[in-house]
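Peer 1: I'd like to ask you about the structure that follows.
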Amino acid sequence: MLKSLFNWKVLVNLLVAIAIFVGLVWLTFRWLEYHTNHGQEIPVPNVINKSVHDAVKILEDNGLDYEVDSAAYNPKFRPLQVLKVYPAPGSRVKDGRAIQLMVNPKSWAPVIVPDVINKYSGLAFQRLDRVGLKVGDTIFEPSIQKDAVLRILFKGNSLKPGSLLPRFSTVDVVIGSGPMRNITIPNVVGLTVKEARAYIARNLFEVGIVEHEDGGKDESDIVYYQDPAAGDARDQGMQIDLWASKKTPAELRDRIDQLNSTYRMKIDTTLPPIRYEEVPNFQDEPVNAVPPPAVTPKPASPKPAVSATSKPVSTTKTTEVKPKTTTTSTDNKAKPTTTPVADKPKAKKVTIQ
């Protein structure tokens, strides 16, 4: 066994196998060096603060590949300006190495317009501000939905919920100002149902019940009756009921008279107007009413006694007797002298009840 191993033929075969293995390894490494440009390195050019288009052209001229990544928008830098480079400028890389470029985008990242249609304006403003949208003009439009958002406009165009807009974009909001009062009802008799719907909507009203004479739903039927009648005044958003048919108005005369008796009630103006009078309610007293002052009875004055011999006198006269005075000159001094007068009986006052 050992002698066979040291046979020269075996040794020659072993040496040949080792030589072939070493040769294959050497050829493999040489092939790898050739295809991987081993030992050949290129310095990374400085493209910071350049536009992305110029940076890409420079990298391609140097035999380097590139990958562009957009960072958060920064208004301090120009749009599409290169902010960072990896590997750093001056580093040596192999030919064909991909260089990562961090670029400032054109504007802010887009945001989704929230669904605030038919929502209260205060709540809508909060949701728009939360996603990063600014409210510009507030436009009021007549609508039965008072203080509700009707539309959102961006540069004059209406936006649908879910649309994408750059962050911090300015949008205009259309808000309902309440219904208009006393609008004239339009005349849609003679129009098709489809035309009547559009005409009613343009006049700020809504379509109510649409009754087809044949029971179908053909929008090409002609409207032969409407309620309220054309020319009446109603508030915005009121419903207008329609009756439609394929027949002519002459053929529907009986039906129109029947509808007039139902929806066009006549008022007899020859009767005198009814007057209503309010009956005072004495039971209702004011709560804080001041009570009337108490009335104190006056004491009764005693009646004078009347003698039986006295006669009733209707008018009583009282005469006053003035004393007569005479003057005599004594020592040039006047001294009054009084003449006594007989006392007369005074008349008594009699009160006749």
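Each chain in the structure tokens gets a letter, A, B and so on, in the order shown; residues start at 1 in every chain, and ligands are counted from 1 in the order they appear.
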Enumerate, as a list of chain:residue names, the complete set of residues in range 107-219 of chain A that a backbone-based DSSP assignment places in alpha helix (DSSP H).
Peer 2: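 Secondary structure check on range 107-219 of chain A, alpha helix (DSSP H): A:Ser121, A:Gly122, A:Leu123, A:Ala124, A:Phe125, A:Gln126, A:Arg127, A:Leu128, A:Asp129, A:Arg130, A:Val131, A:Val193, A:Lys194, A:Glu195, A:Ala196, A:Arg197, A:Ala198, A:Tyr199, A:Ile200, A:Ala201, A:Arg202.
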Peer 1: Given only C-alpha atoms as the basis, pick out the residue of A:Thr170, A:Ser220, A:Asn182, A:Gln236 nearest to Ile200 in chain A.
Peer 2: A:Gln236
Peer 1: List as a list in words the protein and nucleic acid residues near Gln239 in chain A, meaning an atom at most 7 Å away when only C-alpha atoms are counted, but skip any in the same chain fewer than 5 places from it.
Peer 2: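 Non-adjacent residues within range: Phe205, Glu206, Val207 and Gly208 of chain A.
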Peer 1: Can those selected residues be exported to a file as a compact mmCIF listing (two decimals), in the first residue's frame so that it contains N, CA, C and O atoms?
Peer 2:
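Below is the file that was written, again24.txt:
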```txt
# COMPACT_ATOMS: atom_id res chain seq x y z
N PHE A 205 -84.48 76.08 -6.97
CA PHE A 205 -85.52 75.26 -6.38
C PHE A 205 -85.16 73.78 -6.55
O PHE A 205 -84.17 73.44 -7.20
N GLU A 206 -85.96 72.92 -5.95
CA GLU A 206 -85.74 71.48 -6.05
C GLU A 206 -86.98 70.81 -6.63
O GLU A 206 -88.10 71.30 -6.46
N VAL A 207 -86.75 69.69 -7.28
CA VAL A 207 -87.85 68.92 -7.87
C VAL A 207 -88.41 68.00 -6.81
O VAL A 207 -87.69 67.26 -6.13
N GLY A 208 -89.73 68.07 -6.65
CA GLY A 208 -90.39 67.21 -5.67
C GLY A 208 -90.87 65.92 -6.30
O GLY A 208 -90.11 65.17 -6.91
```
Peer 1: Output as a PyMOL selection string all residues of range 74-268 of chain A that backbone DSSP marks as strand (DSSP E).
Peer 2: chain A and resi 82-86+92-94+98-103+110-112+134-141+149-154+157-158+164-166+170-176+183-184+206-212+222-227+233-234+239-245
